[in-house]
Amino acid sequence: MAYVAVSGGKEAIEESIRLLDFYQCSNDRDVEVEAIESKLSLLVDRVMSEAGLYSKPYAALALKQCEGSIEEAVFLLRAYRSTLTRNYYTTEVNSNDMRIIRRISAAFKDIEGGQILGATYDYTHRLIDFDRDSKRAAKLYATMQNSLAEQNPEEVSFCPRVSDELKREGLIDRYDNYDDSTSTHNRSDQESQTDRPPHDVTTTMLEFPAQRSARLQTLSRADTGFISGLAYSALRGFGQVHPTVGELRSGYVELCVVSPLDENESLCVGEILITEVECFNTSDDKDQLKIAVGYGAVFGRNENKAISMAVIDRELDNGGEYPTQDEEFVLTHGDSLEMNGFVSHLKLPHYVTFQSKLDSVRKTRAADATGGDTHE
Amino acid sequence: MNNNYNFAFLDEGSKREIRRCTLKAVAIPGYQVPFGSRELPIGRGWGTGGIQLTLSLIGPNDVLKVIDQGSDESVNAVNIKKFVGLCTDVETTNNTTEATLIQTRHRIPEIPLKDGQILVFQVPIPEPLRIVEAREEVTKKMHAEKDYAPLWLQLYESLVKYQKVTIASEYPCMVEDRYMTNPSPIPKFDNPKLHNAECLYLFGAGREKKIYAIPPHTKVVSLAFDDVPFERESFAGKTCRLCKSNNTYLDEMFDAQTGEKVYQCSDTSYCKEVAAHA
């Protein structure tokens, strides 16, 4: 009997894992985790964002372990996350106090605090640099150190939000701290706003209609490709938005926890780099128009993801027939771990269920061919 | 055992929360209890709901059996056993009667399970109404109102069109006259084993974040019309080529040398036992 695929699993798995090493052994050079962390930082940012775990060294380590596969790295971090006890919850982060490294507005030429172009690939020519030499890193490092040594530290000034002015003018609705409205159509209805803490989809199953906090958390952790494609579809025609980026800002925000010794005191436990976007859209306000905001915020520097999130946030508020306006469709299918897990499970054996399907198919055919040959 | 991780991998708080949801599931047979599904080092969609149940329940004195498609040695079963072993060191077995905790994908063992045993199912799609309604928001209401008409309609349409019920595995059943329940992708052959059983059946869907249960001595009726009785897969006239059983679920396979179609028990440990005593 040649058919033995269902047995001998243990040995096969071990050999398969050994073979994975083979794919990492083509030469004797190694990539240091520290190098991945600093030289592939946008990749690290993306992995942290989709994993929902902010740790650059672990994200880099995970990437190294899986030949740079984004979904595998996300998988490793998520699984690790499950083993951690949650000791503290941080207090609300006010991103008005962001230490900004880049900030632009496509809505206004002049904004209070100024446009800060910062670092962006937007205006580079995408030409492969064939001359990039292997000693570049060392030279760059030396130049940068010298340049920094000559500079004097400046006081950090915080920038107000572009949307603040429009809110003062009454063109944008205000939401209280925790917008907990379940209906997406009456968000201006102040009575539906409560002060309940945000819904955490990692501890409580996402239910529909979803609270806005659950929506934003889900979008922020979503697969970058998935939400970029969705946002693109909404912009192209399968949706209603073509927003203006009111403000895109990247920078560091402080994380604090309530002091275990004194409830009125909070302790700063560190800072994280995030990208935040507010998109402006014109929207109906009874017999006049208003500006409706879509919001996006993601770990690290991942601007397209943040913009896409803001586009989809707005589309979900609109509601309607297009895929991006369907809350359940958007929020249940964008998680990297879940989509890749379920798609890959198709590789598992389905002998029993397929046998059952065969049985059903054969039975209908046997019934069709009454009196004829039924080849059972 | 890998000492870098807690016993049974998850932190104690998470395990307790999963057990709490399990208790609720047992209290309301067939009802899908939402839970905060945790990510595991095993693919989501590869049995993580079942594994979370197993991890939350397992203690150092348990004896674990894991099967996939009825087989103890299938790659997925081996992999899950390896993972649970890595973080618990509990004894594992292939013997169905020896096990206190059995995790399964797609089968219920041929040997009837007893009081004190728990069978944990891995569930891809917990919602029996998903085939007729895509939205969770709607299916929740349908359950609340016990509105199962679309499912009956589907059954009827299949009879009109094919003169046969064409639902293959994942055949829906009514649990305790209240909740329509998806028995997970077990073949129809196994559905009757759910009714009035001695053991506890637990169902875990990790990606879909639901836990449900069929406790011992629960009434479980597979969906069928009065005049068209429920029908299982038929293996009439076929026997297992290894143990000669003629009353088990069989895998169909082809002999590569002769090109002949042959049959063999899907429950491998049962098959070995019968063959040994023959």
# chains A, B, ... in the order shown; residues from 1 in each chain; ligands from 1
>>> select_by_dssp(residues="stretch 46-255 of chain A", states="strand (DSSP E)", output="PyMOL selection string")
chain A and resi 99-104+244-255
>>> closest_atom_pairs(of="chain A", to="chain B", cutoff="7 Å", atoms="only C-alpha atoms", output="CSV")
residue,atom,partner,partner_atom,distance
A:Met1,CA,B:Asp255,CA,6.3
A:Ala2,CA,B:Ala256,CA,6.1
A:Val6,CA,B:Ser74,CA,4.9
A:Ser7,CA,B:Glu73,CA,4.9
A:Gly8,CA,B:Glu73,CA,6.3
A:Gly9,CA,B:Val75,CA,4.3
A:Lys10,CA,B:Val78,CA,5.9
A:Ile13,CA,B:Val75,CA,7.0
A:Leu76,CA,B:Pro41,CA,6.7
A:Arg78,CA,B:Glu39,CA,5.8
A:Ala79,CA,B:Leu40,CA,4.5
A:Ser82,CA,B:Glu39,CA,5.8
A:Thr83,CA,B:Leu10,CA,5.0
A:Leu84,CA,B:Asp11,CA,6.5
A:Thr85,CA,B:Asp11,CA,6.0
A:Thr202,CA,B:Gly36,CA,6.0
A:Thr203,CA,B:Gly36,CA,4.3
A:Thr204,CA,B:Gly36,CA,4.5
A:Met205,CA,B:Gly36,CA,5.1
A:Phe208,CA,B:Glu137,CA,5.6
A:Glu328,CA,B:Arg135,CA,7.0
A:Leu337,CA,B:Arg44,CA,6.5
A:Glu338,CA,B:Arg44,CA,5.6
A:Gly341,CA,B:Arg44,CA,4.3
A:Phe342,CA,B:Gly45,CA,4.4
A:His345,CA,B:Trp46,CA,5.6
A:Tyr351,CA,B:Gln69,CA,6.7
A:Val352,CA,B:Gln69,CA,5.8
A:Thr353,CA,B:Ser169,CA,5.7
A:Gln355,CA,B:Asp251,CA,6.9
A:Ser356,CA,B:Ala168,CA,5.2
A:Lys357,CA,B:Ala168,CA,5.0
A:Asp359,CA,B:Glu233,CA,6.1
A:Ser360,CA,B:Thr166,CA,5.5
A:Thr364,CA,B:Tyr162,CA,5.7
>>> select_by_dssp(residues="stretch 134-177 of chain A", states="helix (DSSP H, G or I)", output="list in words")
Arg136, Ala137, Ala138, Lys139, Leu140, Tyr141, Ala142, Thr143, Met144, Gln145, Asn146, Ser147, Leu148, Ala149, Glu150, Val162, Ser163, Asp164, Glu165, Leu166, Lys167 and Arg168 of chain A
>>> residues_around(residues="stretch 197-201 of chain B", least_positions_apart="5", cutoff="6 Å", atoms="only C-alpha atoms", output="list of chain:residue names")
B:Leu113, B:Lys114, B:Asp115, B:Gln117, B:Ile118, B:Leu119, B:Ala213, B:Ile214, B:Pro215, B:Pro216, B:His217
>>> atom_distance(atom1="atom CA of A:Glu34", atom2="atom CA of A:Ser55")
12.5 Å
>>> atom_distance(atom1="atom CA of A:Glu303", atom2="atom CA of A:Gly52")
16.5 Å
>>> residues_around(residues="stretch 153-170 of chain A", least_positions_apart="2", cutoff="12 Å", atoms="only C-alpha atoms", output="PyMOL selection string")
chain A and resi 94-116+148-151+172-175+244-253+276-281+285+289-295
>>> write_last_selection(atoms="C-alpha atoms", output="mmCIF file, in the first residue's frame")
data_model
loop_
_atom_site.group_PDB
_atom_site.id
_atom_site.type_symbol
_atom_site.label_atom_id
_atom_site.label_comp_id
_atom_site.auth_asym_id
_atom_site.auth_seq_id
_atom_site.Cartn_x
_atom_site.Cartn_y
_atom_site.Cartn_z
ATOM 1 C CA ASN A 94 -3.900 62.931 24.314
ATOM 2 C CA SER A 95 -2.196 63.204 20.974
ATOM 3 C CA ASN A 96 -2.335 66.992 21.152
ATOM 4 C CA ASP A 97 0.832 66.557 23.188
ATOM 5 C CA MET A 98 2.584 64.634 20.448
ATOM 6 C CA ARG A 99 6.301 65.265 19.960
ATOM 7 C CA ILE A 100 5.914 65.721 16.239
ATOM 8 C CA ILE A 101 8.413 64.473 13.633
ATOM 9 C CA ARG A 102 6.236 65.124 10.612
ATOM 10 C CA ARG A 103 2.976 66.966 10.107
ATOM 11 C CA ILE A 104 1.206 68.010 6.955
ATOM 12 C CA SER A 105 -2.182 69.303 5.928
ATOM 13 C CA ALA A 106 -3.614 69.004 2.440
ATOM 14 C CA ALA A 107 -6.547 71.202 3.433
ATOM 15 C CA PHE A 108 -4.817 74.448 4.363
ATOM 16 C CA LYS A 109 -1.616 75.970 3.085
ATOM 17 C CA ASP A 110 -0.835 77.693 6.343
ATOM 18 C CA ILE A 111 -1.588 75.947 9.583
ATOM 19 C CA GLU A 112 -0.909 77.009 13.134
ATOM 20 C CA GLY A 113 2.360 75.385 14.153
ATOM 21 C CA GLY A 114 3.372 75.067 10.501
ATOM 22 C CA GLN A 115 3.650 72.286 8.000
ATOM 23 C CA ILE A 116 6.535 70.016 8.916
ATOM 24 C CA LEU A 148 23.960 66.110 16.192
ATOM 25 C CA ALA A 149 26.883 67.104 18.389
ATOM 26 C CA GLU A 150 26.883 70.562 16.840
ATOM 27 C CA GLN A 151 23.212 71.183 17.507
ATOM 28 C CA ILE A 172 -17.343 69.800 12.699
ATOM 29 C CA ASP A 173 -19.252 67.796 15.288
ATOM 30 C CA ARG A 174 -17.582 67.322 18.618
ATOM 31 C CA TYR A 175 -17.457 63.982 20.375
ATOM 32 C CA THR A 244 -9.134 65.860 2.063
ATOM 33 C CA VAL A 245 -6.330 64.979 4.439
ATOM 34 C CA GLY A 246 -7.004 67.635 7.042
ATOM 35 C CA GLU A 247 -3.992 66.623 9.026
ATOM 36 C CA LEU A 248 -1.473 63.827 9.040
ATOM 37 C CA ARG A 249 0.931 63.782 11.948
ATOM 38 C CA SER A 250 3.614 61.358 13.080
ATOM 39 C CA GLY A 251 5.374 61.583 16.371
ATOM 40 C CA TYR A 252 5.899 60.306 19.854
ATOM 41 C CA VAL A 253 3.221 60.194 22.523
ATOM 42 C CA GLU A 276 -2.509 59.939 13.133
ATOM 43 C CA VAL A 277 -4.810 61.195 10.387
ATOM 44 C CA GLU A 278 -7.937 63.291 10.260
ATOM 45 C CA CYS A 279 -9.756 63.263 6.917
ATOM 46 C CA PHE A 280 -12.329 65.919 6.095
ATOM 47 C CA ASN A 281 -15.451 65.195 4.086
ATOM 48 C CA ASP A 285 -26.432 68.236 8.132
ATOM 49 C CA LEU A 289 -23.682 70.945 4.919
ATOM 50 C CA LYS A 290 -21.014 70.233 7.504
ATOM 51 C CA ILE A 291 -17.542 68.751 7.634
ATOM 52 C CA ALA A 292 -17.401 65.147 8.797
ATOM 53 C CA VAL A 293 -14.159 63.728 10.064
ATOM 54 C CA GLY A 294 -12.759 60.261 9.501
ATOM 55 C CA TYR A 295 -10.095 59.251 11.989
#
>>> atom_distance(atom1="atom CA of B:Tyr212", atom2="atom CA of B:Asn247")
29.2 Å
>>> residues_around(residues="B:Ala149", least_positions_apart="6", cutoff="10 Å", atoms="only C-alpha atoms", output="ChimeraX atom specification")
/B:132,142,155
>>> write_last_selection(atoms="N, CA and C atoms", output="mmCIF file, in the first residue's frame")
data_model
loop_
_atom_site.group_PDB
_atom_site.id
_atom_site.type_symbol
_atom_site.label_atom_id
_atom_site.label_comp_id
_atom_site.auth_asym_id
_atom_site.auth_seq_id
_atom_site.Cartn_x
_atom_site.Cartn_y
_atom_site.Cartn_z
ATOM 1 N N VAL B 132 -27.205 30.398 5.279
ATOM 2 C CA VAL B 132 -28.374 31.098 4.743
ATOM 3 C C VAL B 132 -28.342 32.600 5.026
ATOM 4 N N MET B 142 -32.066 35.898 14.676
ATOM 5 C CA MET B 142 -32.802 34.699 14.256
ATOM 6 C C MET B 142 -32.802 33.656 15.379
ATOM 7 N N LEU B 155 -33.361 23.014 3.123
ATOM 8 C CA LEU B 155 -33.518 21.567 3.143
ATOM 9 C C LEU B 155 -34.575 21.152 2.112
#
>>> residues_around(residues="A:Val47", least_positions_apart="2", cutoff="12 Å", atoms="only C-alpha atoms", output="ChimeraX atom specification")
/A:37,40-45,49-63,68-78,220-224,298-302,336-337
>>> write_last_selection(atoms="N, CA and C atoms", output="short mmCIF file (atom, residue, chain, number, x, y, z; two decimals), in the first residue's frame")
data_model
loop_
_atom_site.label_atom_id
_atom_site.label_comp_id
_atom_site.auth_asym_id
_atom_site.auth_seq_id
_atom_site.Cartn_x
_atom_site.Cartn_y
_atom_site.Cartn_z
N GLU A 37 15.90 46.09 13.19
CA GLU A 37 15.11 47.08 13.93
C GLU A 37 15.34 48.49 13.40
N LEU A 40 15.27 48.36 8.83
CA LEU A 40 14.00 47.99 8.18
C LEU A 40 12.85 48.47 9.07
N SER A 41 12.98 49.72 9.52
CA SER A 41 12.06 50.16 10.57
C SER A 41 10.62 50.29 10.09
N LEU A 42 10.40 50.56 8.81
CA LEU A 42 9.02 50.64 8.34
C LEU A 42 8.35 49.26 8.34
N LEU A 43 9.16 48.26 8.04
CA LEU A 43 8.67 46.88 8.11
C LEU A 43 8.34 46.52 9.56
N VAL A 44 9.25 46.90 10.45
CA VAL A 44 9.04 46.65 11.88
C VAL A 44 7.77 47.36 12.35
N ASP A 45 7.59 48.60 11.90
CA ASP A 45 6.39 49.37 12.27
C ASP A 45 5.12 48.66 11.81
N SER A 49 2.16 47.15 14.18
CA SER A 49 0.81 47.69 14.03
C SER A 49 -0.20 46.57 13.81
N GLU A 50 0.15 45.61 12.95
CA GLU A 50 -0.79 44.53 12.66
C GLU A 50 -0.86 43.53 13.81
N ALA A 51 0.22 43.48 14.60
CA ALA A 51 0.23 42.56 15.74
C ALA A 51 -0.48 43.18 16.94
N GLY A 52 -0.53 44.51 16.98
CA GLY A 52 -1.09 45.16 18.16
C GLY A 52 -0.17 45.01 19.35
N LEU A 53 1.11 44.93 19.09
CA LEU A 53 2.08 44.83 20.18
C LEU A 53 3.25 45.75 19.84
N TYR A 54 3.47 46.74 20.70
CA TYR A 54 4.52 47.71 20.41
C TYR A 54 5.83 47.27 21.04
N SER A 55 6.64 46.59 20.28
CA SER A 55 7.98 46.22 20.74
C SER A 55 8.87 46.06 19.53
N LYS A 56 9.73 47.05 19.31
CA LYS A 56 10.59 46.99 18.13
C LYS A 56 11.55 45.80 18.16
N PRO A 57 12.21 45.56 19.31
CA PRO A 57 13.14 44.42 19.31
C PRO A 57 12.45 43.08 19.05
N TYR A 58 11.27 42.87 19.63
CA TYR A 58 10.58 41.60 19.41
C TYR A 58 10.06 41.49 17.98
N ALA A 59 9.59 42.61 17.43
CA ALA A 59 9.12 42.58 16.04
C ALA A 59 10.29 42.22 15.12
N ALA A 60 11.45 42.80 15.39
CA ALA A 60 12.63 42.52 14.57
C ALA A 60 13.04 41.06 14.72
N LEU A 61 13.02 40.57 15.94
CA LEU A 61 13.37 39.17 16.20
C LEU A 61 12.41 38.23 15.46
N ALA A 62 11.13 38.58 15.52
CA ALA A 62 10.12 37.74 14.85
C ALA A 62 10.36 37.72 13.34
N LEU A 63 10.68 38.89 12.78
CA LEU A 63 10.94 38.95 11.34
C LEU A 63 12.14 38.10 10.95
N GLY A 68 11.42 37.02 7.16
CA GLY A 68 10.85 38.31 6.81
C GLY A 68 9.40 38.28 6.38
N SER A 69 8.69 37.20 6.65
CA SER A 69 7.27 37.14 6.29
C SER A 69 6.47 38.00 7.27
N ILE A 70 5.69 38.93 6.73
CA ILE A 70 4.94 39.82 7.60
C ILE A 70 3.91 39.05 8.42
N GLU A 71 3.14 38.18 7.73
CA GLU A 71 2.08 37.51 8.48
C GLU A 71 2.63 36.54 9.53
N GLU A 72 3.77 35.91 9.23
CA GLU A 72 4.36 35.02 10.23
C GLU A 72 4.87 35.81 11.43
N ALA A 73 5.47 36.97 11.15
CA ALA A 73 5.99 37.80 12.24
C ALA A 73 4.85 38.30 13.12
N VAL A 74 3.76 38.72 12.47
CA VAL A 74 2.58 39.17 13.22
C VAL A 74 2.07 38.03 14.10
N PHE A 75 2.04 36.85 13.51
CA PHE A 75 1.60 35.64 14.19
C PHE A 75 2.43 35.39 15.45
N LEU A 76 3.76 35.46 15.32
CA LEU A 76 4.64 35.21 16.45
C LEU A 76 4.37 36.21 17.59
N LEU A 77 4.22 37.47 17.22
CA LEU A 77 4.00 38.49 18.25
C LEU A 77 2.64 38.33 18.92
N ARG A 78 1.63 38.02 18.13
CA ARG A 78 0.29 37.84 18.70
C ARG A 78 0.28 36.67 19.69
N SER A 220 -7.20 49.72 13.32
CA SER A 220 -5.82 50.06 13.61
C SER A 220 -4.93 48.82 13.59
N ARG A 221 -5.49 47.67 13.95
CA ARG A 221 -4.73 46.42 13.96
C ARG A 221 -4.84 45.67 12.63
N ALA A 222 -5.64 46.19 11.70
CA ALA A 222 -5.94 45.42 10.49
C ALA A 222 -4.72 45.29 9.57
N ASP A 223 -4.81 44.33 8.70
CA ASP A 223 -3.79 44.12 7.68
C ASP A 223 -3.72 45.35 6.78
N THR A 224 -2.51 45.87 6.58
CA THR A 224 -2.33 47.09 5.81
C THR A 224 -2.87 46.96 4.39
N VAL A 298 -2.34 54.72 13.83
CA VAL A 298 -1.66 53.43 13.80
C VAL A 298 -0.28 53.54 14.45
N PHE A 299 0.24 52.40 14.90
CA PHE A 299 1.60 52.34 15.42
C PHE A 299 2.59 52.68 14.31
N GLY A 300 3.63 53.41 14.67
CA GLY A 300 4.76 53.62 13.77
C GLY A 300 4.47 54.58 12.64
N ARG A 301 5.37 54.56 11.66
CA ARG A 301 5.19 55.42 10.50
C ARG A 301 4.57 54.58 9.40
N ASN A 302 3.28 54.62 9.29
CA ASN A 302 2.60 53.87 8.24
C ASN A 302 1.45 54.74 7.77
N SER A 336 -4.96 40.18 10.06
CA SER A 336 -3.91 39.38 9.41
C SER A 336 -3.90 37.94 9.91
N LEU A 337 -3.94 37.79 11.21
CA LEU A 337 -3.86 36.46 11.80
C LEU A 337 -5.06 35.61 11.40
#
>>> residues_around(residues="B:Ala224", least_positions_apart="6", cutoff="10 Å", atoms="only C-alpha atoms", output="MDAnalysis selection string")
chainID B and resid 152 155:156 165 172:173 230:231
